[in-house]
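Here is final.cif, consisting of mmCIF, C-alpha atoms:
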```cif
data_data
#
loop_
_atom_site.group_PDB
_atom_site.id
_atom_site.type_symbol
_atom_site.label_atom_id
_atom_site.label_comp_id
_atom_site.auth_asym_id
_atom_site.auth_seq_id
_atom_site.Cartn_x
_atom_site.Cartn_y
_atom_site.Cartn_z
ATOM 1 C CA MET A 1 132.581 216.942 85.434
ATOM 2 C CA LEU A 2 129.714 214.599 86.211
ATOM 3 C CA GLU A 3 130.549 211.915 88.737
ATOM 4 C CA ILE A 4 128.073 209.432 87.287
ATOM 5 C CA SER A 5 128.389 207.331 84.156
ATOM 6 C CA THR A 6 126.392 208.182 81.076
ATOM 7 C CA ARG A 7 125.125 204.601 81.144
ATOM 8 C CA LYS A 8 123.521 205.167 84.549
ATOM 9 C CA ILE A 9 121.985 208.457 83.413
ATOM 10 C CA ALA A 10 120.600 206.802 80.279
ATOM 11 C CA ARG A 11 119.112 204.019 82.417
ATOM 12 C CA VAL A 12 117.443 206.587 84.697
ATOM 13 C CA ILE A 13 115.956 208.272 81.625
ATOM 14 C CA LEU A 14 114.704 204.954 80.232
ATOM 15 C CA LEU A 15 113.255 203.800 83.579
ATOM 16 C CA THR A 16 111.520 207.154 83.981
ATOM 17 C CA ARG A 17 109.971 206.886 80.542
ATOM 18 C CA GLU A 18 108.947 203.268 80.956
ATOM 19 C CA TYR A 19 107.605 203.315 84.508
ATOM 20 C CA GLY A 20 107.296 206.987 85.478
ATOM 21 C CA PRO A 21 109.376 209.056 87.901
ATOM 22 C CA ASP A 22 107.521 207.681 90.932
ATOM 23 C CA SER A 23 108.093 203.998 90.125
ATOM 24 C CA ILE A 24 109.713 201.566 92.514
ATOM 25 C CA HIS A 25 112.000 200.442 89.666
ATOM 26 C CA LEU A 26 113.509 203.907 89.367
ATOM 27 C CA SER A 27 113.608 204.430 93.127
ATOM 28 C CA ASP A 28 115.424 201.143 93.716
ATOM 29 C CA TYR A 29 117.933 201.915 90.963
ATOM 30 C CA ILE A 30 118.783 205.418 92.216
ATOM 31 C CA SER A 31 118.984 204.284 95.847
ATOM 32 C CA GLY A 32 122.005 202.177 94.862
ATOM 33 C CA PHE A 33 124.007 205.213 93.729
ATOM 34 C CA ASN A 34 126.738 206.691 95.891
ATOM 35 C CA ASP A 35 126.443 210.276 97.163
ATOM 36 C CA ASP A 36 128.564 211.754 94.345
ATOM 37 C CA GLU A 37 126.449 210.023 91.701
ATOM 38 C CA LYS A 38 123.238 211.222 93.329
ATOM 39 C CA ALA A 39 124.516 214.810 93.531
ATOM 40 C CA SER A 40 125.574 214.707 89.886
ATOM 41 C CA LEU A 41 122.171 213.383 88.837
ATOM 42 C CA VAL A 42 120.340 216.127 90.728
ATOM 43 C CA ALA A 43 122.719 218.806 89.398
ATOM 44 C CA LEU A 44 122.179 217.525 85.867
ATOM 45 C CA MET A 45 118.410 217.712 86.313
ATOM 46 C CA TRP A 46 118.711 221.267 87.681
ATOM 47 C CA ILE A 47 120.809 222.298 84.671
ATOM 48 C CA GLY A 48 118.231 220.717 82.378
ATOM 49 C CA ARG A 49 115.394 222.722 83.901
ATOM 50 C CA ASP A 50 117.481 225.927 83.806
ATOM 51 C CA SER A 51 117.952 226.316 87.567
ATOM 52 C CA PHE A 52 121.706 226.413 86.885
ATOM 53 C CA SER A 53 123.780 226.884 83.741
ATOM 54 C CA ALA A 54 126.183 224.279 82.394
ATOM 55 C CA GLU A 55 129.048 226.474 83.610
ATOM 56 C CA GLU A 56 127.694 226.175 87.152
ATOM 57 C CA LEU A 57 127.896 222.368 87.251
ATOM 58 C CA GLU A 58 130.385 222.176 90.120
ATOM 59 C CA TYR A 59 128.375 224.646 92.187
ATOM 60 C CA ALA A 60 125.152 222.761 91.388
ATOM 61 C CA LYS A 61 126.732 219.503 92.614
ATOM 62 C CA GLN A 62 127.802 221.194 95.854
ATOM 63 C CA GLU A 63 124.295 222.573 96.322
ATOM 64 C CA ALA A 64 122.772 219.156 95.629
ATOM 65 C CA LYS A 65 124.912 217.649 98.394
ATOM 66 C CA ARG A 66 124.151 220.514 100.757
ATOM 67 C CA GLU A 67 120.403 220.391 100.152
ATOM 68 C CA ALA A 68 120.079 216.594 100.313
ATOM 69 C CA THR A 69 117.669 216.430 103.244
ATOM 70 C CA ALA A 70 115.561 213.621 101.783
ATOM 71 C CA PRO A 71 116.622 210.543 99.817
ATOM 72 C CA THR A 72 117.460 211.521 96.258
ATOM 73 C CA GLU A 73 115.116 208.903 94.829
ATOM 74 C CA ASN A 74 112.225 210.468 96.770
ATOM 75 C CA TYR A 75 113.138 213.982 95.628
ATOM 76 C CA LEU A 76 113.423 213.003 91.961
ATOM 77 C CA SER A 77 110.195 210.987 92.033
ATOM 78 C CA GLY A 78 108.284 214.240 92.428
ATOM 79 C CA ILE A 79 109.825 215.976 89.425
ATOM 80 C CA PRO A 80 107.482 216.173 86.424
ATOM 81 C CA GLY A 81 109.429 215.897 83.192
ATOM 82 C CA LEU A 82 112.428 214.258 84.889
ATOM 83 C CA ALA A 83 113.583 212.430 81.743
ATOM 84 C CA GLU A 84 113.320 215.588 79.644
ATOM 85 C CA HIS A 85 115.233 217.640 82.227
ATOM 86 C CA LEU A 86 118.022 215.056 82.315
ATOM 87 C CA GLU A 87 118.221 215.022 78.528
ATOM 88 C CA SER A 88 118.294 218.823 78.406
ATOM 89 C CA GLY A 89 121.053 218.827 81.007
ATOM 90 C CA LEU A 90 123.086 216.379 78.961
ATOM 91 C CA ASP A 91 122.590 218.545 75.873
ATOM 92 C CA ALA A 92 123.679 221.654 77.797
ATOM 93 C CA LEU A 93 126.850 219.837 78.858
ATOM 94 C CA GLY A 94 127.475 218.551 75.329
ATOM 95 C CA ILE A 95 127.058 214.887 76.301
ATOM 96 C CA ASP A 96 125.456 212.527 73.790
ATOM 97 C CA VAL A 97 124.028 209.289 75.197
ATOM 98 C CA THR A 98 122.292 208.077 72.045
ATOM 99 C CA ASP A 99 124.666 205.128 71.606
ATOM 100 C CA VAL A 100 124.359 204.203 75.281
ATOM 101 C CA GLU A 101 120.548 204.335 75.157
ATOM 102 C CA ASP A 102 120.525 202.152 72.053
ATOM 103 C CA ASN A 103 122.580 199.505 73.867
ATOM 104 C CA LEU A 104 120.244 199.400 76.866
#
```
Conversion result in structure tokens:
Amino acid sequence: MLEISTRKIARVILLTREYGPDSIHLSDYISGFNDDEKASLVALMWIGRDSFSAEELEYAKQEAKREATAPTENYLSGIPGLAEHLESGLDALGIDVTDVEDNL
């Protein structure tokens, strides 16, 4: 189970699309997440880019925590296609954020 709300994920996707993955807006937003939320976001991105399968979510979250040697916002700012990876990860997990995105 993801330990981050779909609303926060949708906002990350929208900020990435609007300002780019290396924007201060996105960095400031992600820096406010707790460690579990950050690990879930990274794991979701990894699932979306096929580094892990949806069935490996819990393991991916553990790995994200273990490998967190730099601030998450810095790590994610260097990921081309971040929004697309997050959306693919949500799809792989069967999570639809269309309604949430529409309300942002």
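Going from atom CA of A:Asp96 over to atom CA of A:Ala70, you cover 29.7 Å.
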I'd like the residues picked by the PyMOL selection byres ((chain A and resi 89) around 8) written out as a list of chain:residue names, using the chain letters and numbers from the file.
A:Leu44, A:Met45, A:Trp46, A:Ile47, A:Gly48, A:Arg49, A:Ala54, A:His85, A:Leu86, A:Glu87, A:Ser88, A:Leu90, A:Asp91, A:Ala92, A:Leu93
Chain and number of each residue from the PyMOL selection byres ((chain A and resi 75) around 12), as a PDB file with C-alpha atoms, keeping the file's coordinate frame:
```pdb
ATOM      1  CA  PRO A  21     109.376 209.056  87.901  1.00  0.00           C
ATOM      2  CA  ASP A  22     107.521 207.681  90.932  1.00  0.00           C
ATOM      3  CA  LEU A  26     113.509 203.907  89.367  1.00  0.00           C
ATOM      4  CA  SER A  27     113.608 204.430  93.127  1.00  0.00           C
ATOM      5  CA  ILE A  30     118.783 205.418  92.216  1.00  0.00           C
ATOM      6  CA  SER A  31     118.984 204.284  95.847  1.00  0.00           C
ATOM      7  CA  LYS A  38     123.238 211.222  93.329  1.00  0.00           C
ATOM      8  CA  ALA A  39     124.516 214.810  93.531  1.00  0.00           C
ATOM      9  CA  LEU A  41     122.171 213.383  88.837  1.00  0.00           C
ATOM     10  CA  VAL A  42     120.340 216.127  90.728  1.00  0.00           C
ATOM     11  CA  MET A  45     118.410 217.712  86.313  1.00  0.00           C
ATOM     12  CA  ALA A  64     122.772 219.156  95.629  1.00  0.00           C
ATOM     13  CA  GLU A  67     120.403 220.391 100.152  1.00  0.00           C
ATOM     14  CA  ALA A  68     120.079 216.594 100.313  1.00  0.00           C
ATOM     15  CA  THR A  69     117.669 216.430 103.244  1.00  0.00           C
ATOM     16  CA  ALA A  70     115.561 213.621 101.783  1.00  0.00           C
ATOM     17  CA  PRO A  71     116.622 210.543  99.817  1.00  0.00           C
ATOM     18  CA  THR A  72     117.460 211.521  96.258  1.00  0.00           C
ATOM     19  CA  GLU A  73     115.116 208.903  94.829  1.00  0.00           C
ATOM     20  CA  ASN A  74     112.225 210.468  96.770  1.00  0.00           C
ATOM     21  CA  LEU A  76     113.423 213.003  91.961  1.00  0.00           C
ATOM     22  CA  SER A  77     110.195 210.987  92.033  1.00  0.00           C
ATOM     23  CA  GLY A  78     108.284 214.240  92.428  1.00  0.00           C
ATOM     24  CA  ILE A  79     109.825 215.976  89.425  1.00  0.00           C
ATOM     25  CA  PRO A  80     107.482 216.173  86.424  1.00  0.00           C
ATOM     26  CA  LEU A  82     112.428 214.258  84.889  1.00  0.00           C
TER      27      LEU A  82
END
```
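Once the PyMOL selection byres ((chain A and resi 16) around 10) is applied to this file, the selection holds Ala10, Arg11, Val12, Ile13, Leu14, Leu15, Arg17, Glu18, Tyr19, Gly20, Pro21, Asp22, Ser23, His25, Leu26, Ser27, Ser77, Gly81, Leu82, Ala83 and Glu84 of chain A.
For the atom pair formed by atom CA of A:Glu58 and atom CA of A:Met1, the distance is 7.4 Å, given to one decimal.
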As a check of understanding: the span from atom CA of A:Gly94 to atom CA of A:Glu37 is 18.5 Å
Could you add whatever atoms are missing so that stretch 20-42 of chain A carries N, CA, C and O atoms, then write the result as an mmCIF file, keeping the file's coordinate frame?
```cif
data_model
loop_
_atom_site.group_PDB
_atom_site.id
_atom_site.type_symbol
_atom_site.label_atom_id
_atom_site.label_comp_id
_atom_site.auth_asym_id
_atom_site.auth_seq_id
_atom_site.Cartn_x
_atom_site.Cartn_y
_atom_site.Cartn_z
ATOM 1 N N GLY A 20 107.659 205.734 84.819
ATOM 2 C CA GLY A 20 107.296 206.987 85.478
ATOM 3 C C GLY A 20 108.292 207.340 86.572
ATOM 4 O O GLY A 20 108.972 206.464 87.109
ATOM 5 N N PRO A 21 108.376 208.628 86.919
ATOM 6 C CA PRO A 21 109.376 209.056 87.901
ATOM 7 C C PRO A 21 109.084 208.567 89.317
ATOM 8 O O PRO A 21 109.982 208.548 90.154
ATOM 9 N N ASP A 22 107.861 208.126 89.583
ATOM 10 C CA ASP A 22 107.521 207.681 90.932
ATOM 11 C C ASP A 22 107.499 206.156 91.054
ATOM 12 O O ASP A 22 106.968 205.617 92.023
ATOM 13 N N SER A 23 108.128 205.461 90.104
ATOM 14 C CA SER A 23 108.093 203.998 90.125
ATOM 15 C C SER A 23 109.113 203.426 91.106
ATOM 16 O O SER A 23 110.164 204.010 91.359
ATOM 17 N N ILE A 24 108.800 202.273 91.619
ATOM 18 C CA ILE A 24 109.713 201.566 92.514
ATOM 19 C C ILE A 24 110.965 201.123 91.769
ATOM 20 O O ILE A 24 112.050 201.065 92.355
ATOM 21 N N HIS A 25 110.835 200.847 90.470
ATOM 22 C CA HIS A 25 112.000 200.442 89.666
ATOM 23 C C HIS A 25 113.051 201.551 89.648
ATOM 24 O O HIS A 25 114.239 201.287 89.863
ATOM 25 N N LEU A 26 112.597 202.769 89.403
ATOM 26 C CA LEU A 26 113.509 203.907 89.367
ATOM 27 C C LEU A 26 114.060 204.191 90.765
ATOM 28 O O LEU A 26 115.260 204.406 90.935
ATOM 29 N N SER A 27 113.192 204.167 91.753
ATOM 30 C CA SER A 27 113.608 204.430 93.127
ATOM 31 C C SER A 27 114.672 203.434 93.590
ATOM 32 O O SER A 27 115.693 203.824 94.168
ATOM 33 N N ASP A 28 114.452 202.167 93.331
ATOM 34 C CA ASP A 28 115.424 201.143 93.716
ATOM 35 C C ASP A 28 116.758 201.349 93.002
ATOM 36 O O ASP A 28 117.819 201.165 93.606
ATOM 37 N N TYR A 29 116.705 201.711 91.737
ATOM 38 C CA TYR A 29 117.933 201.915 90.963
ATOM 39 C C TYR A 29 118.729 203.095 91.529
ATOM 40 O O TYR A 29 119.926 202.972 91.796
ATOM 41 N N ILE A 30 118.087 204.222 91.727
ATOM 42 C CA ILE A 30 118.783 205.418 92.216
ATOM 43 C C ILE A 30 119.283 205.224 93.644
ATOM 44 O O ILE A 30 120.357 205.715 94.003
ATOM 45 N N SER A 31 118.564 204.485 94.459
ATOM 46 C CA SER A 31 118.984 204.284 95.847
ATOM 47 C C SER A 31 120.328 203.560 95.935
ATOM 48 O O SER A 31 121.024 203.669 96.944
ATOM 49 N N GLY A 32 120.716 202.865 94.887
ATOM 50 C CA GLY A 32 122.005 202.177 94.862
ATOM 51 C C GLY A 32 123.186 203.058 94.476
ATOM 52 O O GLY A 32 124.338 202.613 94.527
ATOM 53 N N PHE A 33 122.925 204.292 94.110
ATOM 54 C CA PHE A 33 124.007 205.213 93.729
ATOM 55 C C PHE A 33 124.740 205.701 94.972
ATOM 56 O O PHE A 33 124.155 205.827 96.047
ATOM 57 N N ASN A 34 126.017 206.060 94.786
ATOM 58 C CA ASN A 34 126.738 206.691 95.891
ATOM 59 C C ASN A 34 126.379 208.178 95.938
ATOM 60 O O ASN A 34 125.695 208.692 95.044
ATOM 61 N N ASP A 35 126.824 208.877 96.972
ATOM 62 C CA ASP A 35 126.443 210.276 97.163
ATOM 63 C C ASP A 35 126.894 211.182 96.012
ATOM 64 O O ASP A 35 126.164 212.101 95.631
ATOM 65 N N ASP A 36 128.076 210.939 95.466
ATOM 66 C CA ASP A 36 128.564 211.754 94.345
ATOM 67 C C ASP A 36 127.705 211.548 93.100
ATOM 68 O O ASP A 36 127.401 212.498 92.377
ATOM 69 N N GLU A 37 127.307 210.309 92.852
ATOM 70 C CA GLU A 37 126.449 210.023 91.701
ATOM 71 C C GLU A 37 125.085 210.682 91.866
ATOM 72 O O GLU A 37 124.551 211.268 90.921
ATOM 73 N N LYS A 38 124.537 210.605 93.070
ATOM 74 C CA LYS A 38 123.238 211.222 93.329
ATOM 75 C C LYS A 38 123.305 212.732 93.148
ATOM 76 O O LYS A 38 122.424 213.340 92.537
ATOM 77 N N ALA A 39 124.364 213.358 93.667
ATOM 78 C CA ALA A 39 124.516 214.810 93.531
ATOM 79 C C ALA A 39 124.670 215.198 92.069
ATOM 80 O O ALA A 39 124.101 216.201 91.625
ATOM 81 N N SER A 40 125.401 214.420 91.308
ATOM 82 C CA SER A 40 125.574 214.707 89.886
ATOM 83 C C SER A 40 124.251 214.578 89.137
ATOM 84 O O SER A 40 123.951 215.389 88.258
ATOM 85 N N LEU A 41 123.468 213.577 89.486
ATOM 86 C CA LEU A 41 122.171 213.383 88.837
ATOM 87 C C LEU A 41 121.237 214.556 89.124
ATOM 88 O O LEU A 41 120.591 215.083 88.210
ATOM 89 N N VAL A 42 121.188 214.985 90.366
ATOM 90 C CA VAL A 42 120.340 216.127 90.728
ATOM 91 C C VAL A 42 120.841 217.391 90.040
ATOM 92 O O VAL A 42 120.052 218.159 89.478
#
```
